Amino acid sequence: MLAALLILLVMVAVVALLNPGRDGFAWFNRLRRPAWLTFERLIPVIWILIYACFYASALLAWNAGSRWDRMAGYLLLLVLVQSYTWLICRTRSLRSGTLVGLAGWIVGVALAIAVAAPSPLAALLLIPYLLWSPVGTFVTWRMEGLNR
């Protein structure tokens with residue numbers, strides 16, 4: 001029970017600390033998007049599901065072996081994922097988002113491999129992120145060309 005609460009509190013803290021300000025987010029929302037990006041209104045729901053999977057995966061990984069190095073991997077992944085919009089808004093650079101998206105995917109693959117042996121379900125719960133991350137990174141890369 002303590003682990004579940006601690007994981008949740010850390011996730012909430014990271015999300016709160018790395019949330020772009022109102023002005024930065026307004027700037028981000030004004031950027032042009034590719035015409036084929038018709039599913040943008042679903043993106044918040046997708047991220048809520050991914051964060052729920054992160055939470056469940058971290059809890060399962062902890063219960064499978066209580067290793068702090070794995071939890072550090074989850075923390076690093078969460079920081080990378082959450083810093084995507086924050087960094088874009090802070091630097092006004094879509095390129096930084098593309099690079100953070102790629103780095104997050106690489107860390108996500110490494111984490112899935114690291115937790116697969118002790119908890120195959122924990123690794124499976126990272127798959128939604130591993131599938132979605134390249135989509136988001138590709139969209140950001142395409143937005144770079146539209147917002148010079």
# chains A, B, ... in the order shown; residues from 1 in each chain; ligands from 1
$ residues_around --residues "range 95-106 of chain A" --least-positions-apart "2" --cutoff "6 Å" --atoms "only C-alpha atoms" --output "list in words"
Leu77, Leu80, Tyr84, Ile88, Ser93, Gly108, Val109, Thr137, Thr140 and Trp141 of chain A
$ write_last_selection --atoms "N, CA and C atoms" --output "JSON list (two decimals), in the first residue's frame"
[["chain", "number", "residue", "atom", "x", "y", "z"],
["A", 77, "LEU", "N", 11.82, 7.99, -17.22],
["A", 77, "LEU", "CA", 10.85, 7.95, -18.31],
["A", 77, "LEU", "C", 9.75, 8.98, -18.11],
["A", 80, "LEU", "N", 11.05, 12.48, -18.78],
["A", 80, "LEU", "CA", 11.19, 12.72, -20.22],
["A", 80, "LEU", "C", 9.83, 12.95, -20.87],
["A", 84, "TYR", "N", 8.26, 16.92, -22.32],
["A", 84, "TYR", "CA", 8.06, 17.17, -23.75],
["A", 84, "TYR", "C", 7.41, 18.53, -23.99],
["A", 88, "ILE", "N", 9.21, 22.25, -24.93],
["A", 88, "ILE", "CA", 8.83, 22.94, -26.15],
["A", 88, "ILE", "C", 8.36, 24.36, -25.81],
["A", 93, "SER", "N", 10.85, 25.69, -29.08],
["A", 93, "SER", "CA", 11.52, 24.89, -30.09],
["A", 93, "SER", "C", 10.86, 23.51, -30.18],
["A", 108, "GLY", "N", 12.07, 4.05, -22.71],
["A", 108, "GLY", "CA", 10.93, 3.15, -22.55],
["A", 108, "GLY", "C", 11.23, 1.73, -23.00],
["A", 109, "VAL", "N", 11.93, 1.59, -24.11],
["A", 109, "VAL", "CA", 12.33, 0.25, -24.59],
["A", 109, "VAL", "C", 13.27, -0.40, -23.58],
["A", 137, "THR", "N", 6.09, 11.80, -31.56],
["A", 137, "THR", "CA", 7.37, 12.33, -32.03],
["A", 137, "THR", "C", 7.29, 12.68, -33.51],
["A", 140, "THR", "N", 5.32, 15.89, -33.94],
["A", 140, "THR", "CA", 6.15, 17.04, -33.56],
["A", 140, "THR", "C", 7.15, 17.35, -34.66],
["A", 141, "TRP", "N", 7.74, 16.34, -35.22],
["A", 141, "TRP", "CA", 8.71, 16.52, -36.31],
["A", 141, "TRP", "C", 8.03, 17.18, -37.51]]
$ select_by_dssp --residues "range 97-127 of chain A" --states "helix (DSSP H, G or I)" --output "VMD selection string"
chain A and resid 97 to 116 120 to 124 127
$ write_last_selection --atoms "C-alpha atoms" --output "PDB file, in the first residue's frame"
ATOM      1  CA  GLY A  97      10.256  18.037 -28.285  1.00  0.00           C
ATOM      2  CA  THR A  98      11.274  15.754 -31.133  1.00  0.00           C
ATOM      3  CA  LEU A  99      14.549  14.923 -29.383  1.00  0.00           C
ATOM      4  CA  VAL A 100      12.897  14.375 -25.993  1.00  0.00           C
ATOM      5  CA  GLY A 101      10.281  12.163 -27.663  1.00  0.00           C
ATOM      6  CA  LEU A 102      13.003  10.012 -29.198  1.00  0.00           C
ATOM      7  CA  ALA A 103      14.926   9.841 -25.914  1.00  0.00           C
ATOM      8  CA  GLY A 104      11.750   8.834 -24.064  1.00  0.00           C
ATOM      9  CA  TRP A 105      11.068   6.028 -26.503  1.00  0.00           C
ATOM     10  CA  ILE A 106      14.631   4.685 -26.126  1.00  0.00           C
ATOM     11  CA  VAL A 107      14.365   4.803 -22.306  1.00  0.00           C
ATOM     12  CA  GLY A 108      10.925   3.152 -22.554  1.00  0.00           C
ATOM     13  CA  VAL A 109      12.328   0.249 -24.588  1.00  0.00           C
ATOM     14  CA  ALA A 110      15.206  -0.190 -22.126  1.00  0.00           C
ATOM     15  CA  LEU A 111      12.806  -0.104 -19.182  1.00  0.00           C
ATOM     16  CA  ALA A 112      10.469  -2.643 -20.783  1.00  0.00           C
ATOM     17  CA  ILE A 113      13.426  -4.970 -21.301  1.00  0.00           C
ATOM     18  CA  ALA A 114      14.595  -4.428 -17.704  1.00  0.00           C
ATOM     19  CA  VAL A 115      11.221  -5.270 -16.157  1.00  0.00           C
ATOM     20  CA  ALA A 116      10.229  -8.071 -18.546  1.00  0.00           C
ATOM     21  CA  PRO A 120       6.108  -9.622 -17.923  1.00  0.00           C
ATOM     22  CA  LEU A 121       2.848  -7.766 -17.264  1.00  0.00           C
ATOM     23  CA  ALA A 122       4.782  -4.657 -16.198  1.00  0.00           C
ATOM     24  CA  ALA A 123       6.618  -4.771 -19.531  1.00  0.00           C
ATOM     25  CA  LEU A 124       3.359  -5.254 -21.456  1.00  0.00           C
ATOM     26  CA  ILE A 127       3.553  -1.085 -24.819  1.00  0.00           C
TER      27      ILE A 127
END
$ closest_residue --among "A:Val45, A:Cys53, A:Ala72, A:Leu37" --to "Val10 in chain A" --atoms "only C-alpha atoms"
A:Ala72
$ atom_distance --atom1 "CA of Leu130 in chain A" --atom2 "CA of Ile50 in chain A"
9.6 Å
$ residues_around --residues "Arg22 in chain A" --least-positions-apart "5" --cutoff "12 Å" --atoms "only C-alpha atoms" --output "list in words"
Trp27, Phe28, Asn29, Thr85, Trp86, Cys89 and Arg90 of chain A
$ write_last_selection --atoms "C-alpha atoms" --output "mmCIF file, in the first residue's frame"
data_model
loop_
_atom_site.group_PDB
_atom_site.id
_atom_site.type_symbol
_atom_site.label_atom_id
_atom_site.label_comp_id
_atom_site.auth_asym_id
_atom_site.auth_seq_id
_atom_site.Cartn_x
_atom_site.Cartn_y
_atom_site.Cartn_z
ATOM 1 C CA TRP A 27 1.562 29.413 -27.556
ATOM 2 C CA PHE A 28 1.792 25.638 -28.106
ATOM 3 C CA ASN A 29 -1.912 25.421 -28.924
ATOM 4 C CA THR A 85 5.473 19.985 -23.753
ATOM 5 C CA TRP A 86 7.189 21.883 -20.936
ATOM 6 C CA CYS A 89 6.973 25.783 -24.435
ATOM 7 C CA ARG A 90 10.021 26.914 -22.463
#
$ atom_distance --atom1 "CA of Val139 in chain A" --atom2 "CA of Trp36 in chain A"
9.8 Å
$ residues_around --residues "Ala64 in chain A" --least-positions-apart "2" --cutoff "7 Å" --atoms "only C-alpha atoms" --output "number ranges by chain"
A: 60-62, 66, 118-119
$ write_last_selection --atoms "C-alpha atoms" --output "JSON list (two decimals), in the first residue's frame"
[["chain", "number", "residue", "atom", "x", "y", "z"],
["A", 60, "LEU", "CA", 3.93, -4.38, -10.62],
["A", 61, "ALA", "CA", 7.68, -3.97, -11.18],
["A", 62, "TRP", "CA", 8.14, -2.85, -7.57],
["A", 66, "SER", "CA", 11.50, -3.87, -4.95],
["A", 118, "PRO", "CA", 10.63, -10.08, -13.11],
["A", 119, "SER", "CA", 7.20, -8.93, -14.35]]
$ atom_distance --atom1 "CA of Ala26 in chain A" --atom2 "CA of Thr91 in chain A"
14.0 Å
$ closest_residue --among "A:Pro44, A:Pro128, A:Gly73, A:Gly145" --to "Ala58 in chain A" --atoms "only C-alpha atoms"
A:Gly73
